[in-house]
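Coordinates as given in start_27.tsv (TSV, C-alpha atoms and all ligand atoms):
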```
chain	number	residue	atom	x	y	z
A	1	MET	CA	-9.07	112.79	-19.73
A	2	ALA	CA	-10.65	112.10	-23.10
A	3	LEU	CA	-9.98	108.35	-23.01
A	4	PHE	CA	-12.59	105.79	-21.99
A	5	PRO	CA	-11.46	104.48	-18.60
A	6	THR	CA	-11.35	100.89	-19.90
A	7	TYR	CA	-7.91	100.23	-18.39
A	8	SER	CA	-6.84	100.61	-14.75
A	9	ARG	CA	-3.36	101.74	-15.56
A	10	PHE	CA	-0.25	101.31	-13.45
A	11	PRO	CA	1.70	104.50	-12.72
A	12	VAL	CA	4.25	104.10	-15.52
A	13	ALA	CA	4.50	106.12	-18.76
A	14	VAL	CA	7.16	104.75	-21.07
A	15	GLN	CA	9.53	107.05	-22.91
A	16	GLN	CA	11.73	104.50	-24.63
A	17	ALA	CA	12.63	100.81	-24.54
A	18	LYS	CA	15.39	98.53	-25.78
A	19	GLY	CA	15.82	94.79	-25.24
A	20	THR	CA	14.45	93.86	-21.80
A	21	THR	CA	14.75	97.42	-20.47
A	22	VAL	CA	12.02	100.05	-20.44
A	23	GLU	CA	12.65	103.65	-19.38
A	24	ASP	CA	9.85	105.90	-18.17
A	25	ILE	CA	9.38	109.64	-18.71
A	26	ASN	CA	11.24	110.34	-15.44
A	27	GLY	CA	14.28	108.36	-16.55
A	28	LYS	CA	13.53	105.41	-14.22
A	29	LYS	CA	14.47	102.05	-15.71
A	30	TYR	CA	12.57	98.78	-15.42
A	31	LEU	CA	13.14	95.21	-16.47
A	32	ASP	CA	10.13	94.35	-18.60
A	33	PHE	CA	8.99	90.86	-17.57
A	34	GLY	CA	5.54	91.36	-19.11
A	35	SER	CA	6.77	92.02	-22.66
A	36	GLY	CA	3.63	94.06	-23.35
A	37	ILE	CA	1.61	90.93	-22.40
A	38	GLY	CA	3.69	88.43	-24.32
A	39	VAL	CA	4.24	90.60	-27.39
A	40	VAL	CA	7.87	91.71	-27.60
A	41	ASN	CA	9.18	88.14	-27.48
A	42	LEU	CA	12.47	89.31	-29.04
A	43	GLY	CA	12.77	92.28	-26.70
A	44	HIS	CA	11.97	95.89	-27.48
A	45	ARG	CA	13.24	97.24	-30.81
A	46	HIS	CA	15.07	94.07	-31.80
A	47	PRO	CA	17.62	95.28	-34.38
A	48	THR	CA	16.62	92.77	-37.10
A	49	VAL	CA	12.94	93.64	-36.72
A	50	GLN	CA	13.63	97.36	-36.57
A	51	LYS	CA	15.76	97.22	-39.73
A	52	ALA	CA	13.07	95.28	-41.61
A	53	VAL	CA	10.34	97.74	-40.61
A	54	GLU	CA	12.52	100.77	-41.44
A	55	GLU	CA	13.23	99.32	-44.88
A	56	GLN	CA	9.53	98.72	-45.47
A	57	LEU	CA	8.70	102.26	-44.27
A	58	ASN	CA	10.77	103.53	-47.17
A	59	LEU	CA	8.97	101.34	-49.71
A	60	TYR	CA	5.23	101.52	-49.02
A	61	TRP	CA	2.97	101.41	-45.96
A	62	HIS	CA	-0.30	100.03	-47.16
A	63	VAL	CA	-1.69	98.22	-50.12
A	64	SER	CA	-5.17	96.83	-50.39
A	65	ASN	CA	-5.70	93.10	-50.18
A	66	LEU	CA	-7.18	93.51	-53.67
A	67	TYR	CA	-3.57	93.35	-54.88
A	68	HIS	CA	-0.82	90.79	-54.40
A	69	ASN	CA	1.23	91.14	-51.24
A	70	PRO	CA	4.52	89.25	-51.58
A	71	ILE	CA	5.50	89.71	-47.90
A	72	GLN	CA	2.26	88.03	-46.82
A	73	GLU	CA	3.11	85.13	-49.09
A	74	THR	CA	6.65	84.91	-47.68
A	75	VAL	CA	5.52	84.92	-44.05
A	76	ALA	CA	2.68	82.48	-44.74
A	77	THR	CA	5.24	80.13	-46.31
A	78	GLU	CA	7.49	80.51	-43.24
A	79	ILE	CA	4.61	79.76	-40.87
A	80	THR	CA	3.32	76.74	-42.81
A	81	ALA	CA	6.84	75.35	-43.35
A	82	ASN	CA	7.35	75.46	-39.59
A	83	SER	CA	3.95	74.17	-38.47
A	84	VAL	CA	1.21	71.67	-39.25
A	85	GLY	CA	-0.81	74.35	-41.09
A	86	ASP	CA	-1.19	74.81	-44.84
A	87	TYR	CA	-3.08	78.09	-45.27
A	88	VAL	CA	-2.81	81.43	-43.45
A	89	PHE	CA	-5.20	84.36	-43.19
A	90	PHE	CA	-3.66	87.57	-41.81
A	91	CYS	CA	-5.54	90.05	-39.63
A	92	ASN	CA	-4.66	92.62	-36.99
A	93	SER	CA	-5.14	91.09	-33.54
A	94	GLY	CA	-5.68	87.96	-31.51
A	95	ALA	CA	-9.43	88.43	-31.26
A	96	GLU	CA	-9.67	88.83	-35.03
A	97	ALA	CA	-7.64	85.67	-35.58
A	98	ASN	CA	-10.04	83.77	-33.31
A	99	GLU	CA	-13.05	85.30	-35.08
A	100	ALA	CA	-11.64	84.01	-38.35
A	101	ALA	CA	-11.11	80.57	-36.79
A	102	ILE	CA	-14.69	80.43	-35.48
A	103	LYS	CA	-16.09	81.53	-38.83
A	104	LEU	CA	-14.01	79.00	-40.75
A	105	ALA	CA	-14.91	76.13	-38.40
A	106	ARG	CA	-18.61	76.87	-38.71
A	107	LYS	CA	-18.52	77.29	-42.47
A	108	ALA	CA	-16.43	74.17	-43.07
A	109	THR	CA	-18.52	71.89	-40.86
A	110	GLY	CA	-21.94	73.45	-41.41
A	111	LYS	CA	-22.35	73.14	-37.61
A	112	ASP	CA	-22.78	75.89	-35.03
A	113	LYS	CA	-21.48	74.99	-31.58
A	114	ILE	CA	-18.00	75.88	-30.38
A	115	ILE	CA	-16.87	74.34	-27.08
A	116	THR	CA	-14.48	76.42	-24.98
A	117	PHE	CA	-13.30	76.22	-21.36
A	118	GLY	CA	-13.70	77.88	-17.99
A	119	LYS	CA	-10.86	80.39	-17.33
A	120	SER	CA	-10.07	80.59	-21.05
A	121	PHE	CA	-9.41	83.90	-22.76
A	122	HIS	CA	-10.00	84.34	-26.47
A	123	GLY	CA	-10.62	88.06	-26.93
A	124	ARG	CA	-13.19	90.80	-26.55
A	125	THR	CA	-15.09	90.99	-29.84
A	126	PHE	CA	-18.66	89.74	-29.67
A	127	ALA	CA	-17.88	86.15	-30.64
A	128	THR	CA	-14.55	85.87	-28.84
A	129	MET	CA	-16.07	87.41	-25.69
A	130	ALA	CA	-18.69	84.67	-25.83
A	131	ALA	CA	-15.89	82.14	-26.38
A	132	THR	CA	-14.04	83.41	-23.31
A	133	GLY	CA	-14.88	81.34	-20.24
A	134	GLN	CA	-14.68	84.21	-17.73
A	135	ASP	CA	-17.76	86.09	-16.51
A	136	LYS	CA	-15.76	89.26	-15.80
A	137	VAL	CA	-15.19	89.70	-19.55
A	138	ARG	CA	-18.89	89.20	-20.42
A	139	ILE	CA	-20.76	90.97	-17.65
A	140	GLY	CA	-22.97	93.87	-18.72
A	141	PHE	CA	-23.05	93.04	-22.42
A	142	GLY	CA	-26.40	91.30	-22.45
A	143	LYS	CA	-27.15	87.92	-23.94
A	144	MET	CA	-24.07	86.18	-25.33
A	145	LEU	CA	-24.06	84.39	-28.68
A	146	GLU	CA	-25.79	81.14	-27.96
A	147	GLU	CA	-23.64	78.78	-29.94
A	148	PHE	CA	-20.87	78.50	-27.34
A	149	ALA	CA	-20.74	75.78	-24.70
A	150	TYR	CA	-18.32	75.69	-21.81
A	151	ALA	CA	-16.47	72.74	-20.37
A	152	THR	CA	-13.97	72.35	-17.54
A	153	TYR	CA	-10.30	72.48	-18.48
A	154	ASN	CA	-8.47	69.18	-17.95
A	155	ASP	CA	-11.79	67.34	-17.50
A	156	ILE	CA	-12.69	65.29	-20.58
A	157	ALA	CA	-16.00	64.11	-19.07
A	158	SER	CA	-17.20	67.72	-19.00
A	159	VAL	CA	-16.36	68.06	-22.70
A	160	LYS	CA	-18.18	64.85	-23.63
A	161	LYS	CA	-21.26	66.19	-21.84
A	162	VAL	CA	-21.59	69.17	-24.20
A	163	ALA	CA	-20.18	67.69	-27.44
A	164	ASP	CA	-23.04	66.83	-29.79
A	165	ASP	CA	-23.87	66.45	-33.48
A	166	ASN	CA	-24.05	70.23	-33.88
A	167	THR	CA	-20.51	70.81	-32.57
A	168	ALA	CA	-18.20	72.49	-35.09
A	169	ALA	CA	-15.08	72.85	-32.96
A	170	ILE	CA	-13.36	72.63	-29.61
A	171	MET	CA	-11.22	75.69	-28.98
A	172	LEU	CA	-8.52	75.78	-26.31
A	173	GLU	CA	-5.22	77.21	-25.13
A	174	VAL	CA	-2.58	74.57	-24.30
A	175	VAL	CA	-1.53	76.87	-21.47
A	176	GLN	CA	-4.28	79.14	-20.21
A	177	GLY	CA	-2.44	82.44	-19.91
A	178	GLU	CA	-4.93	85.02	-18.66
A	179	GLY	CA	-6.69	82.29	-16.65
A	180	GLY	CA	-3.68	81.75	-14.37
A	181	VAL	CA	-0.91	79.99	-16.37
A	182	ILE	CA	-2.70	76.65	-16.19
A	183	LEU	CA	-1.10	73.83	-18.18
A	184	ALA	CA	-3.19	71.35	-20.14
A	185	GLU	CA	-2.54	67.77	-19.03
A	186	GLU	CA	-1.18	65.46	-21.71
A	187	ALA	CA	-3.94	62.86	-21.27
A	188	PHE	CA	-6.61	65.57	-21.54
A	189	ILE	CA	-5.28	66.82	-24.88
A	190	LYS	CA	-4.98	63.25	-26.20
A	191	ASP	CA	-8.59	62.58	-25.15
A	192	ILE	CA	-9.73	65.80	-26.85
A	193	VAL	CA	-8.04	64.73	-30.10
A	194	THR	CA	-9.68	61.28	-29.89
A	195	LEU	CA	-13.10	62.85	-29.26
A	196	CYS	CA	-12.66	65.29	-32.17
A	197	LYS	CA	-11.74	62.46	-34.53
A	198	ALA	CA	-14.64	60.27	-33.40
A	199	LYS	CA	-17.26	63.02	-33.77
A	200	GLY	CA	-15.90	64.97	-36.75
A	201	ILE	CA	-15.21	68.01	-34.54
A	202	LEU	CA	-12.43	70.45	-35.50
A	203	LEU	CA	-9.71	71.32	-32.99
A	204	ILE	CA	-8.76	74.99	-32.75
A	205	VAL	CA	-5.70	75.80	-30.65
A	206	ASP	CA	-5.43	79.44	-29.59
A	207	GLU	CA	-1.66	80.05	-29.74
A	208	ILE	CA	-1.95	83.79	-29.34
A	209	GLN	CA	0.00	83.75	-26.08
A	210	THR	CA	1.74	80.37	-26.35
A	211	GLY	CA	2.98	80.66	-29.95
A	212	ILE	CA	6.14	82.16	-31.44
A	213	GLY	CA	8.60	80.49	-29.08
A	214	ARG	CA	6.95	81.56	-25.82
A	215	THR	CA	6.83	78.02	-24.37
A	216	GLY	CA	10.21	76.96	-25.77
A	217	LYS	CA	8.70	75.46	-28.95
A	218	LYS	CA	7.65	77.29	-32.10
A	219	PHE	CA	4.03	76.59	-31.15
A	220	GLY	CA	2.65	75.27	-27.87
A	221	TYR	CA	0.72	72.37	-29.47
A	222	GLU	CA	4.10	70.74	-30.31
A	223	HIS	CA	4.51	69.79	-26.62
A	224	TYR	CA	1.57	67.42	-27.08
A	225	GLY	CA	2.50	65.93	-30.45
A	226	ILE	CA	-0.85	66.92	-31.94
A	227	GLU	CA	-2.00	68.50	-35.20
A	228	PRO	CA	-4.75	71.06	-34.65
A	229	ASP	CA	-7.03	71.70	-37.64
A	230	ILE	CA	-6.76	75.42	-36.97
A	231	PHE	CA	-4.47	77.51	-34.79
A	232	THR	CA	-4.32	81.23	-34.19
A	233	LEU	CA	-1.43	83.62	-33.68
A	234	ALA	CA	-0.97	87.32	-32.81
A	235	LYS	CA	1.11	88.97	-30.05
A	236	GLY	CA	4.72	87.76	-30.61
A	237	LEU	CA	4.31	87.40	-34.37
A	238	GLY	CA	4.85	91.14	-34.94
A	239	ASN	CA	7.05	91.77	-31.88
A	240	GLY	CA	5.05	94.94	-31.20
A	241	LEU	CA	3.45	95.70	-34.55
A	242	PRO	CA	-0.23	94.73	-34.64
A	243	ILE	CA	-0.84	91.48	-36.47
A	244	GLY	CA	-2.90	88.32	-36.17
A	245	ALA	CA	-2.97	85.11	-38.16
A	246	MET	CA	-5.36	82.20	-38.54
A	247	VAL	CA	-3.64	79.06	-39.77
A	248	ALA	CA	-5.51	75.98	-41.01
A	249	LYS	CA	-5.10	72.59	-42.62
A	250	LYS	CA	-5.38	72.19	-46.38
A	251	ALA	CA	-8.79	70.49	-46.26
A	252	LEU	CA	-10.30	73.69	-44.87
A	253	GLY	CA	-8.87	75.91	-47.62
A	254	GLU	CA	-11.83	75.65	-49.98
A	255	HIS	CA	-14.21	76.97	-47.31
A	256	PHE	CA	-12.48	80.35	-47.15
A	257	GLY	CA	-12.75	81.16	-50.83
A	258	SER	CA	-13.02	84.55	-52.49
A	259	GLY	CA	-15.26	86.90	-50.52
A	260	ALA	CA	-15.67	84.58	-47.51
A	261	HIS	CA	-13.61	86.77	-45.21
A	262	GLY	CA	-11.48	89.89	-45.38
A	263	SER	CA	-9.84	92.86	-43.67
A	264	THR	CA	-8.68	96.28	-44.88
A	265	PHE	CA	-5.56	96.35	-42.75
A	266	GLY	CA	-4.98	92.61	-42.26
A	267	GLY	CA	-1.51	91.67	-43.45
A	268	ASN	CA	-0.38	95.30	-43.53
A	269	PRO	CA	3.12	95.50	-45.07
A	270	LEU	CA	4.71	97.13	-42.01
A	271	ALA	CA	3.37	94.45	-39.67
A	272	MET	CA	4.30	91.78	-42.21
A	273	SER	CA	7.88	93.05	-42.46
A	274	ALA	CA	8.14	92.74	-38.67
A	275	ALA	CA	6.65	89.22	-38.78
A	276	ASN	CA	9.07	88.26	-41.54
A	277	ALA	CA	12.02	89.31	-39.37
A	278	VAL	CA	10.54	87.60	-36.29
A	279	SER	CA	10.06	84.28	-38.09
A	280	SER	CA	13.62	84.40	-39.46
A	281	ILE	CA	14.82	84.36	-35.83
A	282	VAL	CA	12.24	82.47	-33.75
A	283	PHE	CA	11.88	79.42	-36.00
A	284	LYS	CA	15.60	78.60	-35.76
A	285	ASP	CA	16.35	75.51	-33.64
A	286	SER	CA	19.45	77.17	-32.16
A	287	PHE	CA	17.35	80.12	-30.94
A	288	LEU	CA	14.76	77.84	-29.33
A	289	GLN	CA	17.43	75.64	-27.73
A	290	GLU	CA	18.79	78.72	-25.99
A	291	VAL	CA	15.28	79.67	-24.82
A	292	VAL	CA	14.80	76.18	-23.36
A	293	ALA	CA	18.17	76.33	-21.57
A	294	LYS	CA	17.38	79.73	-20.08
A	295	ALA	CA	13.89	78.54	-19.08
A	296	GLU	CA	15.50	75.66	-17.17
A	297	TYR	CA	17.81	78.11	-15.44
A	298	LEU	CA	14.77	80.27	-14.55
A	299	ALA	CA	12.99	77.18	-13.18
A	300	GLN	CA	15.97	76.46	-10.92
A	301	LEU	CA	16.04	80.04	-9.67
A	302	LEU	CA	12.29	79.95	-8.96
A	303	GLN	CA	12.59	76.65	-7.09
A	304	GLU	CA	15.49	77.90	-5.03
A	305	HIS	CA	14.33	81.43	-4.19
A	306	ILE	CA	10.57	81.71	-4.68
A	307	ALA	CA	9.00	78.27	-4.05
A	308	PRO	CA	10.02	78.23	-0.34
A	309	LEU	CA	8.38	81.60	0.39
A	310	PHE	CA	5.44	81.39	2.79
A	311	LYS	CA	3.00	83.18	0.46
A	312	VAL	CA	3.75	81.00	-2.56
A	313	LYS	CA	1.36	78.10	-3.13
A	314	ALA	CA	2.57	76.83	-6.51
A	315	ILE	CA	4.80	77.71	-9.44
A	316	ARG	CA	3.70	76.73	-12.94
A	317	GLN	CA	5.96	77.14	-15.94
A	318	LYS	CA	6.15	76.27	-19.62
A	319	GLY	CA	9.25	77.82	-21.15
A	320	PHE	CA	9.10	81.58	-20.69
A	321	MET	CA	5.55	81.53	-19.40
A	322	VAL	CA	5.49	81.51	-15.60
A	323	GLY	CA	2.72	81.71	-13.02
A	324	ILE	CA	3.52	82.15	-9.33
A	325	GLU	CA	0.35	81.34	-7.44
A	326	CYS	CA	0.13	83.10	-4.08
A	327	ASP	CA	-2.26	82.72	-1.17
A	328	GLU	CA	-3.45	86.31	-1.62
A	329	ALA	CA	-4.21	88.86	-4.36
A	330	VAL	CA	-1.05	89.77	-6.26
A	331	GLY	CA	-2.14	93.25	-7.43
A	332	PRO	CA	-0.26	95.03	-4.61
A	333	HIS	CA	2.84	92.93	-5.40
A	334	VAL	CA	2.74	93.99	-9.04
A	335	VAL	CA	2.73	97.62	-7.82
A	336	SER	CA	5.60	97.01	-5.35
A	337	LEU	CA	7.59	95.34	-8.12
A	338	ILE	CA	7.10	98.43	-10.29
A	339	ASP	CA	8.64	100.46	-7.43
A	340	GLN	CA	11.52	97.98	-7.43
A	341	GLY	CA	12.00	98.39	-11.19
A	342	LEU	CA	10.36	95.20	-12.47
A	343	LEU	CA	7.28	95.05	-14.72
A	344	THR	CA	5.21	91.90	-14.22
A	345	LEU	CA	1.58	90.85	-14.81
A	346	ASN	CA	-1.16	89.21	-12.89
A	347	ALA	CA	-3.23	86.33	-14.24
A	348	GLY	CA	-6.49	86.25	-12.33
A	349	GLU	CA	-6.46	87.40	-8.70
A	350	ASN	CA	-3.71	85.33	-7.14
A	351	VAL	CA	-1.22	84.52	-9.85
A	352	LEU	CA	1.83	86.66	-10.54
A	353	ARG	CA	2.65	86.11	-14.20
A	354	LEU	CA	6.04	86.50	-15.86
A	355	LEU	CA	6.39	86.66	-19.64
A	356	PRO	CA	9.98	87.86	-20.10
A	357	PRO	CA	11.33	88.49	-23.58
A	358	LEU	CA	12.82	85.24	-24.92
A	359	THR	CA	16.01	87.24	-25.37
A	360	ALA	CA	16.33	88.09	-21.65
A	361	SER	CA	19.79	87.23	-20.36
A	362	LYS	CA	20.54	84.90	-17.44
A	363	GLU	CA	21.65	87.95	-15.47
A	364	GLU	CA	18.30	89.63	-16.10
A	365	LEU	CA	16.42	86.46	-15.07
A	366	HIS	CA	18.49	86.32	-11.88
A	367	GLN	CA	17.95	90.00	-11.12
A	368	ALA	CA	14.17	89.71	-11.61
A	369	VAL	CA	13.90	86.66	-9.34
A	370	GLN	CA	15.79	88.51	-6.59
A	371	LEU	CA	13.38	91.46	-6.84
A	372	ILE	CA	10.38	89.12	-6.67
A	373	LYS	CA	11.91	87.43	-3.63
A	374	VAL	CA	12.24	90.78	-1.85
A	375	VAL	CA	8.63	91.73	-2.58
A	376	LEU	CA	7.00	88.35	-1.83
A	377	LYS	CA	8.94	87.76	1.36
A	401	LIG	N1	-6.28	84.67	-27.02
A	401	LIG	C1	-5.36	84.63	-26.04
A	401	LIG	C2	-4.89	83.30	-25.55
A	401	LIG	C3	-4.86	85.81	-25.49
A	401	LIG	O1	-3.96	85.74	-24.50
A	401	LIG	C4	-5.33	87.05	-25.99
A	401	LIG	C5	-4.86	88.32	-25.41
A	401	LIG	O2	-4.41	88.40	-24.29
A	401	LIG	C6	-6.28	87.04	-27.02
A	401	LIG	C7	-6.72	85.84	-27.51
A	401	LIG	C8	-6.82	88.33	-27.59
A	401	LIG	O3	-5.84	88.98	-28.32
A	401	LIG	P1	-6.01	90.53	-28.70
A	401	LIG	O4	-5.95	91.31	-27.42
A	401	LIG	O5	-4.85	90.82	-29.61
A	401	LIG	O6	-7.32	90.68	-29.39
```
Would you mind writing the file out in structure tokens?
Ligand code: PLP
Amino acid sequence: MALFPTYSRFPVAVQQAKGTTVEDINGKKYLDFGSGIGVVNLGHRHPTVQKAVEEQLNLYWHVSNLYHNPIQETVATEITANSVGDYVFFCNSGAEANEAAIKLARKATGKDKIITFGKSFHGRTFATMAATGQDKVRIGFGKMLEEFAYATYNDIASVKKVADDNTAAIMLEVVQGEGGVILAEEAFIKDIVTLCKAKGILLIVDEIQTGIGRTGKKFGYEHYGIEPDIFTLAKGLGNGLPIGAMVAKKALGEHFGSGAHGSTFGGNPLAMSAANAVSSIVFKDSFLQEVVAKAEYLAQLLQEHIAPLFKVKAIRQKGFMVGIECDEAVGPHVVSLIDQGLLTLNAGENVLRLLPPLTASKEELHQAVQLIKVVLK
């Protein structure tokens, strides 16, 4: 094997995929309730996205950011028209989007410290690894960047303890995905906003997992009625093509002027064509209403069939983001579910995580819950 063994891989090699269904090289079919870790929000090879990418393939594949890129402008307009942001910078991944956010916050405020939270996940580059509040991501890499401070999620007192005059930003997920599908409490987010306003601290919301319809809203911050200064996107924005975006308020625009930041591939036309198709679907109210209705149906199924199981301690859900907390490690259950034909994820040791495509049908939701019931029983 010539690959670095950075991933402990499950025994599945995919041959093809369509909608919610993935087929492996032996012809075995699975329902994909991981969506490539919250990426194919519209299901695999969504026809509108596929058509857009195929059309772009026949036009051109790459153009330097030295030249105008009309698709970037179109998608940026779509994102800002549907959010509280005014300016967008495109890159290639979630970690890169967060890097851009950290750089912008520091440059705009002239301050250094970024406050993040225990159990957060923000990426694996040097700065985003430091931002991530999980030792397992940081161990072995020596001294972390010093300008990060960590507070306890849903505990405003712990944030106040580390917020000082050198604090540029507070960065958080409104639902901690990798950390165990942990929902931010409404009062906590309100207190964070108040603190930010009082101390001139910027609020960065990492929407890499929660954005693009995943929680039943266009962006997760909408659940809290807040306006982050900066938010970041990736995963679902390209529905499988690599893309990231850092979105910020107008007042921050002047701090990312010519030469302040850049990327060779960021905003690549193929990824942008996918994002253009994705936004034409996901930002429609009718689409999101259907997601919310199906999420309610899924909640009922989980309450009826999964909550009563002996092993299940709690079920947490925001839209199509579900965590089933068990009283034991869920790794073996993820493997058993693969045998049963269902792809799921873990989030930390004890949480079985479901991130189905937003396009999954009620029948598929029902089928998946029955398989989980069999395995967790
Ligand atoms: N932020 C959050 C909330 C994530 O869930 C992830 C990936 O799981 C990242 C950042 C990093 O994204 P990427 O793997 O594209 O760098």
For the atom pair CA of Ala260 (chain A) and CA of Ala101 (chain A), what is the interatomic distance in Å to one decimal place? 12.3 Å
How many Å separate CA of Asn350 (chain A) from CA of Ile324 (chain A)? 8.2 Å
Take every atom of region 240-258 of chain A listed in the file, fit an axis-aligned box around them, add 6 Å per side, and give the centre and edge lengths in Å to one decimal as JSON.
```
{"center_x": -4.6, "center_y": 83.1, "center_z": -41.8, "size_x": 31.3, "size_y": 37.2, "size_z": 33.3}
```
Surrounding residues of Thr194 (chain A) excluding itself and chain neighbours under 6 positions, 12 Å, only C-alpha atoms, as an NGL selection string: :A and (156 or 159-160 or 170 or 187-188 or 200-203 or 226-228)
If you count all atoms listed in the file, which residues fall within 8 Å of region 130-137 of chain A, apart from same-chain ones fewer than 5 positions away, as a ChimeraX atom specification? /A:114-124,144-145,148,150
Could you give me, as a Markdown table, every chain A residue with an atom at most 8 Å from ligand LIG 401 (chain A), plus its closest atom pair and distance in Å to one decimal, counting all atoms listed in the file, rows ordered by chain then number?
```
| residue | atom | partner | partner_atom | distance |
| --- | --- | --- | --- | --- |
| A:Ile37 | CA | A:LIG401 | O2 | 6.8 |
| A:Asn92 | CA | A:LIG401 | O5 | 7.6 |
| A:Ser93 | CA | A:LIG401 | O5 | 3.9 |
| A:Gly94 | CA | A:LIG401 | O3 | 3.4 |
| A:Ala95 | CA | A:LIG401 | O6 | 3.6 |
| A:Glu96 | CA | A:LIG401 | O6 | 6.4 |
| A:Ala97 | CA | A:LIG401 | O6 | 8.0 |
| A:Asn98 | CA | A:LIG401 | C7 | 7.0 |
| A:Ser120 | CA | A:LIG401 | C2 | 7.4 |
| A:Phe121 | CA | A:LIG401 | C1 | 5.3 |
| A:His122 | CA | A:LIG401 | C7 | 3.8 |
| A:Gly123 | CA | A:LIG401 | C8 | 3.9 |
| A:Arg124 | CA | A:LIG401 | O6 | 6.5 |
| A:Thr125 | CA | A:LIG401 | O6 | 7.8 |
| A:Thr128 | CA | A:LIG401 | C7 | 7.9 |
| A:Glu173 | CA | A:LIG401 | C2 | 6.1 |
| A:Gln176 | CA | A:LIG401 | C2 | 6.8 |
| A:Gly177 | CA | A:LIG401 | O1 | 5.9 |
| A:Glu178 | CA | A:LIG401 | O1 | 6.0 |
| A:Asp206 | CA | A:LIG401 | C2 | 5.6 |
| A:Glu207 | CA | A:LIG401 | C2 | 6.2 |
| A:Ile208 | CA | A:LIG401 | C1 | 4.8 |
| A:Gln209 | CA | A:LIG401 | O1 | 4.7 |
| A:Thr210 | CA | A:LIG401 | C2 | 7.3 |
| A:Ala234 | CA | A:LIG401 | O5 | 6.1 |
| A:Lys235 | CA | A:LIG401 | O5 | 6.3 |
| A:Pro242 | CA | A:LIG401 | O5 | 7.9 |
| A:Ile243 | CA | A:LIG401 | O5 | 8.0 |
| A:Gly244 | CA | A:LIG401 | O5 | 7.3 |
```
Just the residues within 10 Å of Gly240 (chain A), please, counting all atoms listed in the file, with nothing from its chain fewer than 6 positions along; format it as a ChimeraX atom specification. /A:35-36,38-45,49,234,271,274-275
Tell me, as a PyMOL selection string, which residues lie within 8 Å of Leu104 (chain A), counting all atoms listed in the file; anything in the same chain fewer than 6 positions away does not count. chain A and resi 252+255-256
My list of candidates is A:Val12, A:Gly323, A:Gln289, A:Glu99. Which is closest to Lys28 (chain A) when distances are computed with only C-alpha atoms?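 Using only C-alpha atoms, the shortest distance to Lys28 (chain A) belongs to A:Val12.
The two atoms in question, CA of Glu146 (chain A) and CA of Thr167 (chain A), are spaced 12.5 Å apart.
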Here is a test: counting all atoms listed in the file, which residue of A:Val205, A:Val282, A:Ile338, A:Ala149 is nearest to Asn166 (chain A)?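 Of A:Val205, A:Val282, A:Ile338, A:Ala149, the one nearest Asn166 (chain A), counting all atoms listed in the file, is A:Ala149.
Shortest atom-to-atom contact with Gly319 (chain A) among A:Val291, A:Ile372, A:Ile189, A:Ala17: A:Val291, counting only C-alpha atoms.
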For Lys377 (chain A), which residue among A:Leu354, A:Leu3, A:Val312, A:Leu343 is the nearest when counting all atoms listed in the file?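 Smallest distance to Lys377 (chain A) is found for A:Val312.
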I'd like to know which of A:Ala52, A:Gly179, A:Lys190, A:Lys373 is closest to Ala347 (chain A), using all atoms listed in the file.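 Closest to Ala347 (chain A), using all atoms listed in the file: A:Gly179.
Shortest atom-to-atom contact with Tyr30 (chain A) among A:Leu241, A:Ala13, A:Val322, A:Leu59: A:Ala13, counting only C-alpha atoms.
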Find the spatial neighbours of Ala76 (chain A), counting all atoms listed in the file, within a cut-off of 9 Å - ignore same-chain residues fewer than 3 positions away - and output them as a list of chain:residue names.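 Residues near the query, excluding close chain neighbours: A:Ile71, A:Gln72, A:Glu73, A:Ile79, A:Thr80, A:Ala81, A:Asp86, A:Tyr87, A:Val88, A:Phe89, A:Phe90, A:Val247.
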Counting only C-alpha atoms, which residues of region 333-363 of chain A sit at most 12 Å from some atom of region 181-184 of chain A, and what is each one's closest atom pair with its distance in Å to one decimal, listed by chain and rising residue number, as CSV?
```
residue,atom,partner,partner_atom,distance
A:Leu345,CA,A:Val181,CA,11.3
A:Asn346,CA,A:Val181,CA,9.9
A:Ala347,CA,A:Val181,CA,7.1
A:Gly348,CA,A:Val181,CA,9.3
A:Asn350,CA,A:Val181,CA,11.0
A:Val351,CA,A:Val181,CA,7.9
A:Leu352,CA,A:Val181,CA,9.3
A:Arg353,CA,A:Val181,CA,7.4
A:Leu354,CA,A:Val181,CA,9.5
A:Leu355,CA,A:Val181,CA,10.4
```
